[in-house]
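Q: The structure under discussion is supplied below as structure tokens; questions concerning it will follow.
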Amino acid sequence: MSDRTDTLDVPVAAPSPKPRRDLGWWIRLALWLALFVVLLALPLYLEAQWLKAGQYMMVGAVGAMGLTLLTGQAGQLSLAHAFFLLAGATSYTVLSGPTGDPELVGFGLDPLLALVGAVAVTAVLGLAFAPVAARLRGIYLGVASLALVFLGLYLGQSAESLTGGTSTGRPPASFELFGFPFSNEGELEILGVPIRETERVWYLFLALVVVAFLLARGAVGGRIGRAWRAVRDNESAAAAMGISVPGVKAGVFAVSSAYAGLAGVMTVLWFDILKPDESEFGTYGINVSIAYLAMIIIGGLGSVSGALVGAVLVNGLPQVLALYSTDLGWFTGTGENAFTPILISSFVYGAAIVLVVLFEPGGLAAIGRRIAGLTRRGKDPT
Amino acid sequence: MDTFVQLVVNGLGKGAVFALLALGFVIIFKATEVVNFAHGSLVLFGGYLVVVTRETLGWAGAAVVGVLSAGLLALLVERLLLSRSRLASPFSLALLTIGVDVIITEEIVRRLGVSLPFIGDAWDAQPLQVGGVTMFRTHLVAIVVATVLITLFFLAFRYSNWGIAMRAQAENKEAAALSGVRSWVVTSSAWLVAGLLAGVAVLFIATQDFSGAGLSRGTHSIALAAFPAAIIGGLDSTAGAVVGGLVVGLVDALSTEYVSFAFAKSAVFLVMLVVLVVRPSGLFGTKETTRV
């Protein structure tokens, strides 16, 4: 976007209104900061298994933010999110993998470089899909993007030197930041609580979520976000206003897949193994694409904070149910015809999609806005 | 050469089944502009009813029950959910069908558990020898059944009042309503027909000949190939759905033989991508125009 300047010699340009920093703005900021502090403190209180569940919600949060920019803000339906997750996971594992293995390709890069590289690789893959995306819209694009999931399934199975194959998979290098390991190595204590792998990864994921969140909010509020919404609402009108529609579409695909790539890196760090799926139903299958879609529909299409809530629900529910069920004896069956936590969660988010579309198309974000509107007396809630 | 003939027959047999599914998609899309992501779950539901009722009713009775119940489920989805949200855009309604699909599919997969029943009793695993070429009976029956059903559909679509109403509504909803076409009849009958076709299709899909796998989550994945079939032909073209179905069937059969089984699934989607890049509305689809 930097190739076009805003310094046209038109004196009539209205001064942009100052951002409204009223009481509500400060309250919201305070709430976000309070949430952040709570999330910072949680590892000191929660047990490792609950932290693990929380980490999985954060994985979903990053992926869902990327998808809500693409589908909600720019109006491009994508079922390919799982493919970009797989691409990110594989890129990280390959880039950080040890060199010299006769069976597996590895570049032995520093994990931080590998993470950045993985995000870059998936962004480029998203760009590569742009020629298709630019020619299609709406449902056609959604179905076309489904092709990538099938392609990912095939490549994941056949490119064994990269992915390790479906039978054994391949372990990723554990993350390191300038020599500080995100593993159980080394002694570290805060307030008498040992900070081990789970706690460290929690903080890593939290940092990634915050960065991803701030970037997404910035993009949505800025010029690029307006371009996305213009393309979503009417491509012809957007083009008439000087927006390069193919360029914007390609850009948003790249951004969204970069987010998915980061979520993929987080996924592989969370599972601690890269294992390509054997069928369309798996870690990087159609069900995952649909789960991410569910997150952003429940949260409200286009809403970045809604995507966070959606991710907590959709990715958190199976984890939390699984943890509770061992305590309470619910859904503990594992055999035939059992109601597993994953199954129950699928029912819940399937039903949530239906209810949201029927009764509140704006999702939880719209409900939140309405509640916020109630407290603002005398002002237009929109 | 014999292998090739056999492959083509297999491909056409599979293609006939995909054509039935794709035709269902297209009918729903023409009537409502909604893309039905729940099509795979209709397929599973019909198949599951066959499995449940087969013991008591015998296969033929169960097959009828399965086909009818798939149609009924589609009708219910339309009447209970989609028709309630007339103001929602087709885009959100498509998302709604994803939710429906998740619920139905997960429940049926849970009920099936580890049993993966084959349900094409009347034709499954009874190969025929036709002049040195072994052919699967399932594929031959599928071709015949699909030809009959598709011909019936096109006759009805062309000549019956229902077909005229349907085409009128697809052309211009308001004008059709003003001319006395009852919109809800057209819409719900479209869903019913699509469901019935899905119910017929599953009788061929969950067989040893077609997929080598019984009724399971895999059946749902196979039914997904009806998407590329409908898209290749053009989402709003009934004839295109048939052509698209045959293309998908042939691509599937040929790439399974000449490349690999794992590649066949993606091959179908790759062909779709190529078609879309060359013709964004499919081979026979109406080109979208926008008014500024």
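Following the order of the structure tokens, chains are lettered A, B, ..., residues in each are numbered from 1, and ligands are numbered from 1.
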Pick out the residues sitting within 12 Å of A:Pro102, and hand them over as number ranges by chain; count only C-alpha atoms, and ignore anything fewer than 2 positions along from it in its own chain.
A: A: 98-100, 104-106, 160-162, 164
Q: Please produce a file of the residues just selected, as a PDB file, in the first residue's frame, where the atoms kept are C-alpha atoms.
A:
ATOM      1  CA  PRO A  98      18.503 -31.111  12.092  1.00  0.00           C
ATOM      2  CA  THR A  99      20.689 -31.280   9.031  1.00  0.00           C
ATOM      3  CA  GLY A 100      22.340 -34.449   7.844  1.00  0.00           C
ATOM      4  CA  LEU A 104      14.416 -36.205   6.405  1.00  0.00           C
ATOM      5  CA  VAL A 105      15.166 -32.767   4.982  1.00  0.00           C
ATOM      6  CA  GLY A 106      16.252 -30.227   7.559  1.00  0.00           C
ATOM      7  CA  GLU A 160       7.712 -38.073   3.493  1.00  0.00           C
ATOM      8  CA  SER A 161      11.148 -36.457   3.454  1.00  0.00           C
ATOM      9  CA  LEU A 162       9.491 -33.262   4.634  1.00  0.00           C
ATOM     10  CA  GLY A 164       7.998 -37.741   8.128  1.00  0.00           C
TER      11      GLY A 164
END
Q: What are the closest atom pairs, with distances in Å to one decimal, for all residues of chain A lying within 9 Å of chain B? Consider only C-alpha atoms, order rows by chain and residue number, and present the result as JSON lines.
A:
{"residue": "A:Pro131", "atom": "CA", "partner": "B:Val277", "partner_atom": "CA", "distance": 7.8}
{"residue": "A:Val132", "atom": "CA", "partner": "B:Val277", "partner_atom": "CA", "distance": 5.9}
{"residue": "A:Arg135", "atom": "CA", "partner": "B:Pro280", "partner_atom": "CA", "distance": 6.2}
{"residue": "A:Leu136", "atom": "CA", "partner": "B:Pro280", "partner_atom": "CA", "distance": 6.0}
{"residue": "A:Arg137", "atom": "CA", "partner": "B:Pro280", "partner_atom": "CA", "distance": 9.0}
{"residue": "A:Gly138", "atom": "CA", "partner": "B:Phe91", "partner_atom": "CA", "distance": 7.4}
{"residue": "A:Ile139", "atom": "CA", "partner": "B:Val35", "partner_atom": "CA", "distance": 7.2}
{"residue": "A:Tyr140", "atom": "CA", "partner": "B:Ile231", "partner_atom": "CA", "distance": 7.3}
{"residue": "A:Val143", "atom": "CA", "partner": "B:Phe227", "partner_atom": "CA", "distance": 7.0}
{"residue": "A:Ala144", "atom": "CA", "partner": "B:Leu273", "partner_atom": "CA", "distance": 6.2}
{"residue": "A:Ser145", "atom": "CA", "partner": "B:Leu273", "partner_atom": "CA", "distance": 8.8}
{"residue": "A:Leu146", "atom": "CA", "partner": "B:Phe269", "partner_atom": "CA", "distance": 7.9}
{"residue": "A:Ala147", "atom": "CA", "partner": "B:Phe269", "partner_atom": "CA", "distance": 4.9}
{"residue": "A:Leu148", "atom": "CA", "partner": "B:Phe269", "partner_atom": "CA", "distance": 8.2}
{"residue": "A:Val149", "atom": "CA", "partner": "B:Ser266", "partner_atom": "CA", "distance": 8.6}
{"residue": "A:Phe150", "atom": "CA", "partner": "B:Ser266", "partner_atom": "CA", "distance": 5.1}
{"residue": "A:Leu151", "atom": "CA", "partner": "B:Ser266", "partner_atom": "CA", "distance": 5.3}
{"residue": "A:Gly152", "atom": "CA", "partner": "B:Ser266", "partner_atom": "CA", "distance": 8.7}
{"residue": "A:Leu153", "atom": "CA", "partner": "B:Ser266", "partner_atom": "CA", "distance": 8.2}
{"residue": "A:Tyr154", "atom": "CA", "partner": "B:Phe263", "partner_atom": "CA", "distance": 6.1}
{"residue": "A:Leu155", "atom": "CA", "partner": "B:Phe263", "partner_atom": "CA", "distance": 8.9}
{"residue": "A:Gln157", "atom": "CA", "partner": "B:Ala262", "partner_atom": "CA", "distance": 8.3}
{"residue": "A:Ser158", "atom": "CA", "partner": "B:Ala262", "partner_atom": "CA", "distance": 8.6}
{"residue": "A:Asn234", "atom": "CA", "partner": "B:Val292", "partner_atom": "CA", "distance": 8.5}
{"residue": "A:Glu235", "atom": "CA", "partner": "B:Thr290", "partner_atom": "CA", "distance": 8.9}
{"residue": "A:Ser236", "atom": "CA", "partner": "B:Val292", "partner_atom": "CA", "distance": 6.4}
{"residue": "A:Ala237", "atom": "CA", "partner": "B:Val292", "partner_atom": "CA", "distance": 6.6}
{"residue": "A:Ser279", "atom": "CA", "partner": "B:Gly218", "partner_atom": "CA", "distance": 8.2}
{"residue": "A:Glu280", "atom": "CA", "partner": "B:Ser221", "partner_atom": "CA", "distance": 7.0}
{"residue": "A:Phe281", "atom": "CA", "partner": "B:Arg217", "partner_atom": "CA", "distance": 8.3}
{"residue": "A:Asn287", "atom": "CA", "partner": "B:Val102", "partner_atom": "CA", "distance": 8.6}
{"residue": "A:Ile290", "atom": "CA", "partner": "B:Ile98", "partner_atom": "CA", "distance": 7.7}
{"residue": "A:Leu293", "atom": "CA", "partner": "B:Leu95", "partner_atom": "CA", "distance": 8.5}
{"residue": "A:Ala294", "atom": "CA", "partner": "B:Gly99", "partner_atom": "CA", "distance": 8.0}
{"residue": "A:Ile297", "atom": "CA", "partner": "B:Leu95", "partner_atom": "CA", "distance": 8.2}
{"residue": "A:Gly335", "atom": "CA", "partner": "B:Gly113", "partner_atom": "CA", "distance": 8.3}
{"residue": "A:Glu336", "atom": "CA", "partner": "B:Gly113", "partner_atom": "CA", "distance": 4.9}
{"residue": "A:Asn337", "atom": "CA", "partner": "B:Arg110", "partner_atom": "CA", "distance": 4.9}
{"residue": "A:Ala338", "atom": "CA", "partner": "B:Arg110", "partner_atom": "CA", "distance": 6.9}
{"residue": "A:Phe339", "atom": "CA", "partner": "B:Arg110", "partner_atom": "CA", "distance": 7.6}
{"residue": "A:Leu343", "atom": "CA", "partner": "B:Glu106", "partner_atom": "CA", "distance": 6.7}
{"residue": "A:Ser346", "atom": "CA", "partner": "B:Val102", "partner_atom": "CA", "distance": 6.7}
{"residue": "A:Phe347", "atom": "CA", "partner": "B:Ile103", "partner_atom": "CA", "distance": 5.2}
{"residue": "A:Val348", "atom": "CA", "partner": "B:Ile103", "partner_atom": "CA", "distance": 8.4}
{"residue": "A:Tyr349", "atom": "CA", "partner": "B:Gly99", "partner_atom": "CA", "distance": 7.4}
{"residue": "A:Gly350", "atom": "CA", "partner": "B:Gly99", "partner_atom": "CA", "distance": 4.1}
{"residue": "A:Ala351", "atom": "CA", "partner": "B:Gly99", "partner_atom": "CA", "distance": 6.1}
{"residue": "A:Ala352", "atom": "CA", "partner": "B:Gly99", "partner_atom": "CA", "distance": 7.6}
{"residue": "A:Ile353", "atom": "CA", "partner": "B:Gly99", "partner_atom": "CA", "distance": 5.2}
{"residue": "A:Val354", "atom": "CA", "partner": "B:Leu96", "partner_atom": "CA", "distance": 5.0}
{"residue": "A:Leu355", "atom": "CA", "partner": "B:Leu96", "partner_atom": "CA", "distance": 8.3}
{"residue": "A:Val356", "atom": "CA", "partner": "B:Leu96", "partner_atom": "CA", "distance": 8.4}
{"residue": "A:Val357", "atom": "CA", "partner": "B:Leu96", "partner_atom": "CA", "distance": 6.1}
{"residue": "A:Leu358", "atom": "CA", "partner": "B:Ser85", "partner_atom": "CA", "distance": 5.9}
{"residue": "A:Phe359", "atom": "CA", "partner": "B:Ser85", "partner_atom": "CA", "distance": 8.4}
{"residue": "A:Pro361", "atom": "CA", "partner": "B:Ser92", "partner_atom": "CA", "distance": 7.8}
Q: Could the residues in this selection be saved with C-alpha atoms as a tab-separated table (two decimals), in the first residue's frame?
A:
chain	number	residue	atom	x	y	z
A	131	PRO	CA	-4.62	-15.93	-9.30
A	132	VAL	CA	-7.43	-18.33	-8.49
A	135	ARG	CA	-11.10	-14.74	-10.52
A	136	LEU	CA	-13.65	-16.18	-8.14
A	137	ARG	CA	-15.90	-14.90	-5.47
A	138	GLY	CA	-18.13	-16.11	-2.70
A	139	ILE	CA	-19.10	-19.75	-2.73
A	140	TYR	CA	-17.07	-20.58	-5.84
A	143	VAL	CA	-15.22	-24.65	-2.89
A	144	ALA	CA	-12.09	-23.90	-4.89
A	145	SER	CA	-10.16	-23.43	-1.66
A	146	LEU	CA	-11.37	-26.85	-0.56
A	147	ALA	CA	-9.05	-28.17	-3.26
A	148	LEU	CA	-6.05	-27.03	-1.23
A	149	VAL	CA	-7.07	-29.21	1.73
A	150	PHE	CA	-7.14	-32.26	-0.53
A	151	LEU	CA	-3.84	-31.23	-2.08
A	152	GLY	CA	-2.36	-30.86	1.42
A	153	LEU	CA	-3.61	-34.29	2.35
A	154	TYR	CA	-1.90	-35.82	-0.66
A	155	LEU	CA	1.35	-33.85	-0.30
A	157	GLN	CA	1.31	-38.24	2.75
A	158	SER	CA	3.63	-38.39	-0.22
A	234	ASN	CA	-19.02	-4.30	-3.72
A	235	GLU	CA	-16.07	-5.18	-5.93
A	236	SER	CA	-17.11	-2.89	-8.75
A	237	ALA	CA	-17.61	0.05	-6.44
A	279	SER	CA	-7.78	-39.07	5.81
A	280	GLU	CA	-9.71	-35.83	5.33
A	281	PHE	CA	-10.57	-35.95	9.00
A	287	ASN	CA	-12.93	-30.70	10.01
A	290	ILE	CA	-14.75	-26.03	9.45
A	293	LEU	CA	-14.96	-21.22	10.24
A	294	ALA	CA	-17.16	-22.02	13.24
A	297	ILE	CA	-19.07	-17.31	12.69
A	335	GLY	CA	-15.09	-47.26	22.71
A	336	GLU	CA	-17.81	-47.66	20.15
A	337	ASN	CA	-20.72	-45.22	20.09
A	338	ALA	CA	-19.20	-43.16	22.89
A	339	PHE	CA	-19.96	-39.50	23.40
A	343	LEU	CA	-18.01	-35.23	19.64
A	346	SER	CA	-18.73	-30.73	17.51
A	347	PHE	CA	-22.43	-30.82	18.40
A	348	VAL	CA	-22.09	-27.61	20.37
A	349	TYR	CA	-20.34	-25.63	17.67
A	350	GLY	CA	-22.49	-27.11	14.92
A	351	ALA	CA	-25.58	-25.98	16.80
A	352	ALA	CA	-23.94	-22.64	17.60
A	353	ILE	CA	-23.39	-21.97	13.88
A	354	VAL	CA	-27.04	-22.69	13.14
A	355	LEU	CA	-28.28	-20.53	16.02
A	356	VAL	CA	-25.98	-17.64	15.18
A	357	VAL	CA	-27.08	-17.55	11.55
A	358	LEU	CA	-30.75	-17.83	12.52
A	359	PHE	CA	-30.90	-15.40	15.40
A	361	PRO	CA	-25.94	-13.01	12.24
Q: As a VMD selection string, please: all residues of stretch 14-261 of chain A that backbone DSSP puts in helix (DSSP H, G or I).
A: chain A and resid 23 to 44 48 to 73 81 to 96 111 to 128 130 to 135 138 to 158 160 to 163 165 to 168 197 to 221 223 to 233 235 to 240 245 to 261
Q: Separation of atom CA of B:Thr3 and atom CA of B:Gly132, in Å?
A: 10.1 Å
Q: Set the distance at 10 Å and use only C-alpha atoms: which residues neighbour stretch 138-143 of chain B once local chain neighbours fewer than 4 positions away are removed? I'd like the list as a PyMOL selection string.
A: chain B and resi 9-17+20+120-128+147-149+200-201+203-205+207-210
Q: Suppose we keep N, CA, C and O atoms; can you now write the selection as a short mmCIF file (atom, residue, chain, number, x, y, z; two decimals), in the first residue's frame?
A:
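Just written: out23.cif:
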data_model
loop_
_atom_site.label_atom_id
_atom_site.label_comp_id
_atom_site.auth_asym_id
_atom_site.auth_seq_id
_atom_site.Cartn_x
_atom_site.Cartn_y
_atom_site.Cartn_z
N VAL B 9 -15.64 -47.54 -18.13
CA VAL B 9 -16.94 -47.94 -17.59
C VAL B 9 -17.01 -47.62 -16.10
O VAL B 9 -18.00 -47.06 -15.61
N ASN B 10 -15.93 -47.95 -15.36
CA ASN B 10 -15.90 -47.61 -13.93
C ASN B 10 -16.08 -46.11 -13.74
O ASN B 10 -16.83 -45.67 -12.87
N GLY B 11 -15.34 -45.34 -14.54
CA GLY B 11 -15.41 -43.90 -14.40
C GLY B 11 -16.80 -43.37 -14.68
O GLY B 11 -17.31 -42.53 -13.94
N LEU B 12 -17.43 -43.93 -15.72
CA LEU B 12 -18.78 -43.47 -16.03
C LEU B 12 -19.75 -43.88 -14.93
O LEU B 12 -20.67 -43.13 -14.59
N GLY B 13 -19.53 -45.07 -14.36
CA GLY B 13 -20.39 -45.52 -13.26
C GLY B 13 -20.28 -44.60 -12.07
O GLY B 13 -21.29 -44.15 -11.51
N LYS B 14 -19.02 -44.30 -11.70
CA LYS B 14 -18.84 -43.35 -10.60
C LYS B 14 -19.40 -42.00 -10.96
O LYS B 14 -20.03 -41.32 -10.16
N GLY B 15 -19.13 -41.61 -12.21
CA GLY B 15 -19.58 -40.30 -12.67
C GLY B 15 -21.08 -40.17 -12.61
O GLY B 15 -21.62 -39.11 -12.26
N ALA B 16 -21.80 -41.29 -12.92
CA ALA B 16 -23.26 -41.24 -12.87
C ALA B 16 -23.72 -40.94 -11.45
O ALA B 16 -24.66 -40.16 -11.24
N VAL B 17 -23.04 -41.54 -10.46
CA VAL B 17 -23.42 -41.30 -9.07
C VAL B 17 -23.11 -39.86 -8.68
O VAL B 17 -23.93 -39.18 -8.05
N LEU B 20 -25.70 -37.56 -9.93
CA LEU B 20 -26.91 -37.49 -9.12
C LEU B 20 -26.72 -36.49 -7.97
O LEU B 20 -27.61 -35.68 -7.68
N GLY B 120 -25.04 -51.90 -0.71
CA GLY B 120 -25.52 -52.11 -2.07
C GLY B 120 -25.81 -53.57 -2.36
O GLY B 120 -25.37 -54.11 -3.37
N ASP B 121 -26.59 -54.21 -1.46
CA ASP B 121 -26.74 -55.67 -1.51
C ASP B 121 -27.10 -56.21 -2.89
O ASP B 121 -26.61 -57.25 -3.32
N ALA B 122 -27.98 -55.49 -3.60
CA ALA B 122 -28.54 -56.05 -4.82
C ALA B 122 -27.53 -56.13 -5.95
O ALA B 122 -27.70 -56.90 -6.89
N TRP B 123 -26.47 -55.33 -5.89
CA TRP B 123 -25.53 -55.32 -7.01
C TRP B 123 -24.08 -55.38 -6.60
O TRP B 123 -23.19 -55.53 -7.43
N ASP B 124 -23.81 -55.30 -5.30
CA ASP B 124 -22.42 -55.17 -4.88
C ASP B 124 -21.67 -56.49 -5.03
O ASP B 124 -22.22 -57.56 -4.81
N ALA B 125 -20.41 -56.40 -5.40
CA ALA B 125 -19.47 -57.52 -5.43
C ALA B 125 -19.98 -58.68 -6.28
O ALA B 125 -19.87 -59.84 -5.92
N GLN B 126 -20.63 -58.36 -7.39
CA GLN B 126 -21.04 -59.42 -8.33
C GLN B 126 -20.54 -59.02 -9.71
O GLN B 126 -21.32 -58.58 -10.56
N PRO B 127 -19.25 -59.16 -9.94
CA PRO B 127 -18.70 -58.69 -11.22
C PRO B 127 -19.27 -59.46 -12.41
O PRO B 127 -19.67 -60.61 -12.29
N LEU B 128 -19.30 -58.79 -13.54
CA LEU B 128 -19.81 -59.37 -14.77
C LEU B 128 -18.66 -59.54 -15.75
O LEU B 128 -17.75 -58.72 -15.79
N THR B 147 -29.23 -42.67 -15.43
CA THR B 147 -29.76 -42.22 -16.71
C THR B 147 -31.27 -42.05 -16.62
O THR B 147 -31.83 -41.03 -17.06
N VAL B 148 -31.95 -43.06 -16.02
CA VAL B 148 -33.40 -42.98 -15.91
C VAL B 148 -33.80 -41.78 -15.07
O VAL B 148 -34.65 -40.96 -15.49
N LEU B 149 -33.19 -41.63 -13.89
CA LEU B 149 -33.58 -40.55 -12.99
C LEU B 149 -33.31 -39.18 -13.60
O LEU B 149 -34.14 -38.27 -13.52
N VAL B 200 -30.47 -41.97 -3.19
CA VAL B 200 -30.19 -42.99 -4.20
C VAL B 200 -28.68 -43.17 -4.35
O VAL B 200 -28.17 -44.29 -4.42
N ALA B 201 -27.95 -42.04 -4.33
CA ALA B 201 -26.51 -42.11 -4.60
C ALA B 201 -25.79 -42.97 -3.57
O ALA B 201 -24.87 -43.73 -3.90
N LEU B 203 -26.64 -45.58 -2.09
CA LEU B 203 -26.77 -47.02 -2.31
C LEU B 203 -25.65 -47.53 -3.21
O LEU B 203 -25.31 -48.71 -3.20
N PHE B 204 -25.07 -46.63 -4.00
CA PHE B 204 -23.96 -47.03 -4.87
C PHE B 204 -22.60 -46.70 -4.24
O PHE B 204 -21.62 -47.37 -4.51
N ILE B 205 -22.57 -45.64 -3.42
CA ILE B 205 -21.27 -45.22 -2.89
C ILE B 205 -20.74 -46.18 -1.83
O ILE B 205 -19.58 -46.58 -1.86
N THR B 207 -20.35 -49.16 -1.26
CA THR B 207 -20.24 -50.52 -1.77
C THR B 207 -18.78 -50.90 -1.93
O THR B 207 -17.91 -50.02 -1.96
N GLN B 208 -18.53 -52.18 -2.05
CA GLN B 208 -17.15 -52.62 -2.29
C GLN B 208 -16.68 -52.19 -3.67
O GLN B 208 -15.53 -51.83 -3.86
N ASP B 209 -17.60 -52.21 -4.62
CA ASP B 209 -17.21 -51.88 -5.99
C ASP B 209 -16.81 -50.42 -6.12
O ASP B 209 -15.83 -50.08 -6.79
N PHE B 210 -17.59 -49.55 -5.49
CA PHE B 210 -17.39 -48.12 -5.70
C PHE B 210 -16.20 -47.61 -4.91
O PHE B 210 -15.29 -46.99 -5.45
#
Q: For a test of reading the model, state the distance in Å between atom CA of A:Ile286 and atom CA of B:Ile222, rounded to one decimal.
A: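 Calculated distance between atom CA of A:Ile286 and atom CA of B:Ile222 is 12.7 Å.
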Q: Of the candidates B:Ala22, B:Ile232, B:Val51, B:Val185, which one gets nearest to B:Arg79 if we count only C-alpha atoms?
A: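 The answer is B:Val185, which sits nearest to B:Arg79.
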Q: Got a sec to tell me which of stretch 163-361 of chain A DSSP assigns to strand (DSSP E or B), as a PyMOL selection string?
A: chain A and resi 170+176-177+180-181+189-190+193-194+274
Q: Near B:Val43, counting only C-alpha atoms, which residues have an atom at most 7 Å away, once you skip same-chain residues fewer than 6 positions from it, shown as number ranges by chain?
A: B: 70, 198-199, 202
Q: Go ahead and save the picked residues with C-alpha atoms, as a PDB file, in the first residue's frame.
A:
ATOM      1  CA  ALA B  70     -32.871 -38.617   2.928  1.00  0.00           C
ATOM      2  CA  ALA B 198     -28.595 -38.138  -2.415  1.00  0.00           C
ATOM      3  CA  GLY B 199     -30.453 -41.102  -0.910  1.00  0.00           C
ATOM      4  CA  VAL B 202     -25.470 -43.596  -1.269  1.00  0.00           C
TER       5      VAL B 202
END
Q: Given the choices B:Val130, B:Leu23, B:Ile164, B:Leu250, which gets closest to B:Ala176 if the distance is worked out from only C-alpha atoms?
A: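 Once distances to B:Ala176 are computed over only C-alpha atoms, the minimum belongs to B:Ile164.
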Q: Can you pull out the residues contacting A:Leu42? Cut-off 12 Å, using only C-alpha atoms, and skip same-chain residues under 2 positions away; I want them as a short mmCIF file (atom, residue, chain, number, x, y, z; two decimals) with C-alpha atoms, in the first residue's frame.
A:
data_model
loop_
_atom_site.label_atom_id
_atom_site.label_comp_id
_atom_site.auth_asym_id
_atom_site.auth_seq_id
_atom_site.Cartn_x
_atom_site.Cartn_y
_atom_site.Cartn_z
CA LEU A 35 -7.35 -9.67 30.93
CA PHE A 36 -3.71 -9.52 29.86
CA VAL A 37 -2.52 -9.37 33.48
CA VAL A 38 -4.75 -12.32 34.41
CA LEU A 39 -3.35 -14.31 31.48
CA LEU A 40 0.17 -13.41 32.62
CA LEU A 44 1.46 -19.32 38.56
CA TYR A 45 -1.81 -20.90 39.65
CA LEU A 46 -3.01 -23.38 37.04
CA GLU A 47 -1.81 -26.92 36.65
CA ALA A 48 0.03 -27.94 33.52
CA TRP A 50 -5.11 -26.60 32.17
CA LEU A 51 -2.30 -24.52 30.73
CA LYS A 52 -2.08 -26.99 27.88
CA GLY A 54 -5.30 -22.74 27.32
CA GLN A 55 -2.43 -22.99 24.85
CA VAL A 193 6.61 -21.49 41.01
CA ILE A 195 8.56 -22.14 35.16
CA THR A 198 4.33 -25.72 29.73
CA GLU A 199 4.57 -22.35 31.45
CA ARG A 200 7.22 -21.11 29.04
CA TRP A 202 2.20 -20.43 27.52
CA TYR A 203 4.09 -17.15 27.64
CA LEU A 206 0.53 -15.38 24.74
#
Q: In Å to one decimal, how far is atom CA of B:Gln169 from atom CA of B:Arg182?
A: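 Separating atom CA of B:Arg182 from atom CA of B:Gln169 is a distance of 9.2 Å.
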Q: Could you check the closest approach to A:Gly117 for each of A:Val265, A:Leu33, A:Gly247, A:Glu185 and tell me which residue wins, using only C-alpha atoms?
A: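 Under the stated criterion, the closest residue is A:Val265.
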